[in-house]
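Below: the structure, in structure tokens.
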Amino acid sequence: AYLFLMLPLLLLMMVVGYQLKKRRLSRFINPQLWHRMLPSLSYTRRFWKHTLYLLALAFVILALMRPQYGIKFEKVSRKGQEIFIALDLSNSMLAQDTPSSRLEIAKQNSLALIEQLKEDKIGLIGFAGDAVVYSPLTLDHAALKLFLDDMDVGYISTPGTDIATAIKTARLSFLSQRKGSKVLILFSDGESFENDPIKSAKVAASQGIRIYTVGIGKASGEPIPIRDSKGQIIGYKKDKHNQVVVSKLNEGLLKHIAQLTKGHYFASYDYDFVSDAIYQRLSQNEKKTLEEKLLSTRIDRYHIFLLIAFILLC
């Protein structure tokens, strides 16, 4: 609307310019001789030409203001799945029986999944001795990547590994009540010391939640490194008997959780990039209608004003 302030200014410039040109021409040629010496000169025609330009500009501004009249109703539905990615942030995920640390492998595969699952709502959960929702379910996958990059061991102050609470946290955070559209992807080495993950998985299964578990690490085990402020390894974690703690992959537990919920277990060492295998499994699931709304939108009428402006310019 502020663009309309230009019109009086342009009109003033047009009138002043009109008067200046007439005055200059009068210095060289008597106005009574204009029609003989300059037969093509017509200030009336010039006036209307500029007036039409100004009117056309006014209608273009009106079109830019997006005039609307009338209402139309449209039924909009979105199909997809609700997916929570849960990352184990316990100290054992620092073990390096993978090309990099277990946590880095989990984060790399999570990032690849986020980039592939474009139509699904995705959320992030981090867990150790407790579980925290880093990001609720969202379609803003760019924000998810930022949250994922920030996840690290030590963020959750409660020590330990509580897979049961991670499952419960996801179960309580899903938005849809429909069975078959809720998926939890759990990245962990399977070392769970708190609560009962099997019992928690059974509750999730009763609510139609499918759990895909990803085992990170090796069954042979690996010591848990302790690093200084510069990231250099200065030793390995020890138990109360001063023995080096060896963290081992617990495939049995992770397989059992997946089996109870009609999901699937993936061993990270079985795939070059386990995210591709997970994505293929997810693609086979039936896409449920997650949202269905009746939207009322006003009908745009800007094209009428653009047509008038076009006619005026012609």
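Starting from 1 in every chain, residues are counted up; chains themselves are A, B, ... following the order of the structure tokens, and ligands are numbered from 1 as listed.
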Quiz item: Counting only C-alpha atoms, what is within 9 Å of stretch 185-191 of chain A, bar same-chain residues fewer than 4 positions away, as a PyMOL selection string?
Solution: chain A and resi 83-89+92-93+102-103+106-107+110+160-163+166-167+210-218+247-254+278
Quiz prompt | Who sits within 8 Å of stretch 135-142 of chain A, only C-alpha atoms, same chain under 2 positions skipped, as a list in words | solution = Glu82, Ile83, Phe84, Ile114, Glu115, Lys118, Glu119, Asp120, Lys121, Ile122, Gly123, Leu124, Ile125, Val133, Leu144, Lys145, Leu146, Phe147, Ser173, Phe174 and Leu175 of chain A
Quiz prompt | Residue list (strand (DSSP E), DSSP) for stretch 112-305 of chain A, as a count of residues only | solution = 57
Exercise. Mind the document's chain letters and residue numbers, and return as a PyMOL selection string the residues of stretch 39-279 of chain A that DSSP labels alpha helix (DSSP H).
Key: chain A and resi 43-64+102-116+141-150+163-173+197-206+251-260+274-279
Self-check item: For A:Leu57, the nearest of the candidates A:Leu7, A:Glu194, A:His264, A:Lys240, counting only C-alpha atoms
Solution: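 Of all the options, A:Leu7 lies closest to A:Leu57.
For the choices A:Ile224, A:Gln19, A:Pro31, A:Ile61, the atom-to-atom distance to A:Ser90 is smallest for A:Ile224 when using only C-alpha atoms.
With distances restricted to only C-alpha atoms, A:Arg298 is the closest residue to A:Phe73 from A:His50, A:Lys199, A:Arg298, A:Lys168.
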Self-check item: Interatomic distance (Å, one decimal) between atom CA of A:Thr51 and atom CA of A:Ala63
Solution: 18.6 Å
Quiz prompt | Separation of atom CA of A:Ile304 from atom CA of A:Met6, in Å and rounded to one decimal | solution =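 Atom CA of A:Met6 lies at a distance of 22.0 Å from atom CA of A:Ile304.
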Quiz prompt | Contacts of A:Pro225 at 7 Å (only C-alpha atoms; same-chain gap of 5+ positions) as an NGL selection string | solution = :A and (94-95 or 233 or 235-237)
Using only all heavy atoms, please write the residues we just selected to a file, as a PDB file, in the first residue's frame.
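Produced file result_6.pdb, reproduced below:
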ATOM      1  N   LEU A  94      31.310 -44.519  23.289  1.00  0.00           N
ATOM      2  CA  LEU A  94      32.607 -43.955  22.908  1.00  0.00           C
ATOM      3  C   LEU A  94      33.591 -45.031  22.467  1.00  0.00           C
ATOM      4  O   LEU A  94      34.668 -44.722  21.937  1.00  0.00           O
ATOM      5  CB  LEU A  94      33.203 -43.168  24.079  1.00  0.00           C
ATOM      6  CG  LEU A  94      32.450 -41.903  24.502  1.00  0.00           C
ATOM      7  CD1 LEU A  94      33.084 -41.323  25.759  1.00  0.00           C
ATOM      8  CD2 LEU A  94      32.444 -40.881  23.381  1.00  0.00           C
ATOM      9  N   ALA A  95      33.241 -46.285  22.701  1.00  0.00           N
ATOM     10  CA  ALA A  95      34.119 -47.399  22.309  1.00  0.00           C
ATOM     11  C   ALA A  95      34.342 -47.373  20.801  1.00  0.00           C
ATOM     12  O   ALA A  95      33.467 -46.999  20.032  1.00  0.00           O
ATOM     13  CB  ALA A  95      33.501 -48.727  22.740  1.00  0.00           C
ATOM     14  N   ILE A 233      43.253 -39.767  24.071  1.00  0.00           N
ATOM     15  CA  ILE A 233      42.961 -40.869  24.988  1.00  0.00           C
ATOM     16  C   ILE A 233      44.030 -40.918  26.077  1.00  0.00           C
ATOM     17  O   ILE A 233      45.226 -41.024  25.797  1.00  0.00           O
ATOM     18  CB  ILE A 233      42.893 -42.215  24.243  1.00  0.00           C
ATOM     19  CG1 ILE A 233      41.747 -42.201  23.215  1.00  0.00           C
ATOM     20  CG2 ILE A 233      42.706 -43.368  25.219  1.00  0.00           C
ATOM     21  CD1 ILE A 233      41.652 -43.463  22.367  1.00  0.00           C
ATOM     22  N   GLY A 235      43.450 -42.961  28.913  1.00  0.00           N
ATOM     23  CA  GLY A 235      43.236 -44.190  29.672  1.00  0.00           C
ATOM     24  C   GLY A 235      41.916 -44.821  29.293  1.00  0.00           C
ATOM     25  O   GLY A 235      41.270 -44.412  28.318  1.00  0.00           O
ATOM     26  N   TYR A 236      41.538 -45.838  30.064  1.00  0.00           N
ATOM     27  CA  TYR A 236      40.281 -46.545  29.791  1.00  0.00           C
ATOM     28  C   TYR A 236      39.489 -46.696  31.079  1.00  0.00           C
ATOM     29  O   TYR A 236      40.063 -46.770  32.183  1.00  0.00           O
ATOM     30  CB  TYR A 236      40.570 -47.913  29.168  1.00  0.00           C
ATOM     31  CG  TYR A 236      41.170 -47.819  27.786  1.00  0.00           C
ATOM     32  CD1 TYR A 236      42.555 -47.823  27.617  1.00  0.00           C
ATOM     33  CD2 TYR A 236      40.363 -47.699  26.662  1.00  0.00           C
ATOM     34  CE1 TYR A 236      43.121 -47.718  26.355  1.00  0.00           C
ATOM     35  CE2 TYR A 236      40.913 -47.601  25.392  1.00  0.00           C
ATOM     36  CZ  TYR A 236      42.282 -47.606  25.247  1.00  0.00           C
ATOM     37  OH  TYR A 236      42.833 -47.493  23.990  1.00  0.00           O
ATOM     38  N   LYS A 237      38.181 -46.718  30.929  1.00  0.00           N
ATOM     39  CA  LYS A 237      37.298 -46.806  32.092  1.00  0.00           C
ATOM     40  C   LYS A 237      37.525 -48.126  32.833  1.00  0.00           C
ATOM     41  O   LYS A 237      37.655 -49.185  32.213  1.00  0.00           O
ATOM     42  CB  LYS A 237      35.843 -46.687  31.636  1.00  0.00           C
ATOM     43  CG  LYS A 237      34.850 -46.632  32.787  1.00  0.00           C
ATOM     44  CD  LYS A 237      33.431 -46.433  32.265  1.00  0.00           C
ATOM     45  CE  LYS A 237      32.449 -46.390  33.421  1.00  0.00           C
ATOM     46  NZ  LYS A 237      31.058 -46.230  32.949  1.00  0.00           N
TER      47      LYS A 237
END
Quiz prompt | Contact residues around A:Arg301 with only C-alpha atoms at 9 Å, ignoring same-chain residues under 3 positions, as an NGL selection string | solution = :A and (63 or 66-69 or 304-305)
Can you write just those residues out, all heavy atoms, as a short mmCIF file (atom, residue, chain, number, x, y, z; two decimals), in the first residue's frame?
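Result file is out.cif:
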data_model
loop_
_atom_site.label_atom_id
_atom_site.label_comp_id
_atom_site.auth_asym_id
_atom_site.auth_seq_id
_atom_site.Cartn_x
_atom_site.Cartn_y
_atom_site.Cartn_z
N ALA A 63 -2.66 -5.24 -7.60
CA ALA A 63 -2.44 -6.68 -7.79
C ALA A 63 -1.41 -7.21 -6.79
O ALA A 63 -1.55 -8.30 -6.24
CB ALA A 63 -1.99 -6.97 -9.22
N ARG A 66 -2.48 -8.30 -3.41
CA ARG A 66 -3.15 -9.60 -3.39
C ARG A 66 -4.61 -9.50 -2.94
O ARG A 66 -5.01 -10.02 -1.89
CB ARG A 66 -2.41 -10.57 -2.46
CG ARG A 66 -2.78 -12.02 -2.69
CD ARG A 66 -2.04 -12.92 -1.73
NE ARG A 66 -2.49 -14.29 -1.89
CZ ARG A 66 -2.09 -15.30 -1.11
NH1 ARG A 66 -1.27 -15.08 -0.12
NH2 ARG A 66 -2.54 -16.52 -1.31
N PRO A 67 -5.44 -8.85 -3.76
CA PRO A 67 -6.87 -8.77 -3.42
C PRO A 67 -7.52 -10.16 -3.48
O PRO A 67 -7.21 -10.97 -4.36
CB PRO A 67 -7.44 -7.85 -4.51
CG PRO A 67 -6.47 -7.96 -5.64
CD PRO A 67 -5.13 -8.17 -5.02
N GLN A 68 -8.41 -10.43 -2.53
CA GLN A 68 -9.09 -11.72 -2.45
C GLN A 68 -10.59 -11.50 -2.24
O GLN A 68 -11.00 -10.59 -1.53
CB GLN A 68 -8.52 -12.55 -1.29
CG GLN A 68 -7.05 -12.90 -1.45
CD GLN A 68 -6.48 -13.57 -0.21
OE1 GLN A 68 -6.88 -13.26 0.91
NE2 GLN A 68 -5.55 -14.50 -0.40
N TYR A 69 -11.36 -12.37 -2.87
CA TYR A 69 -12.81 -12.30 -2.69
C TYR A 69 -13.38 -13.71 -2.82
O TYR A 69 -13.04 -14.44 -3.76
CB TYR A 69 -13.45 -11.37 -3.72
CG TYR A 69 -14.96 -11.34 -3.63
CD1 TYR A 69 -15.59 -10.65 -2.58
CD2 TYR A 69 -15.74 -12.00 -4.55
CE1 TYR A 69 -16.97 -10.63 -2.48
CE2 TYR A 69 -17.12 -12.00 -4.46
CZ TYR A 69 -17.73 -11.31 -3.42
OH TYR A 69 -19.10 -11.31 -3.32
N ILE A 304 -7.27 -10.07 -12.17
CA ILE A 304 -8.20 -9.11 -12.77
C ILE A 304 -7.52 -7.75 -12.88
O ILE A 304 -7.60 -7.07 -13.92
CB ILE A 304 -9.48 -9.01 -11.92
CG1 ILE A 304 -10.20 -10.36 -11.90
CG2 ILE A 304 -10.39 -7.90 -12.44
CD1 ILE A 304 -11.38 -10.40 -10.96
N PHE A 305 -6.82 -7.35 -11.83
CA PHE A 305 -6.15 -6.05 -11.81
C PHE A 305 -4.95 -6.04 -12.76
O PHE A 305 -4.65 -5.01 -13.38
CB PHE A 305 -5.71 -5.71 -10.39
CG PHE A 305 -6.88 -5.55 -9.45
CD1 PHE A 305 -7.39 -6.63 -8.74
CD2 PHE A 305 -7.51 -4.31 -9.31
CE1 PHE A 305 -8.46 -6.48 -7.90
CE2 PHE A 305 -8.58 -4.17 -8.46
CZ PHE A 305 -9.08 -5.26 -7.76
#
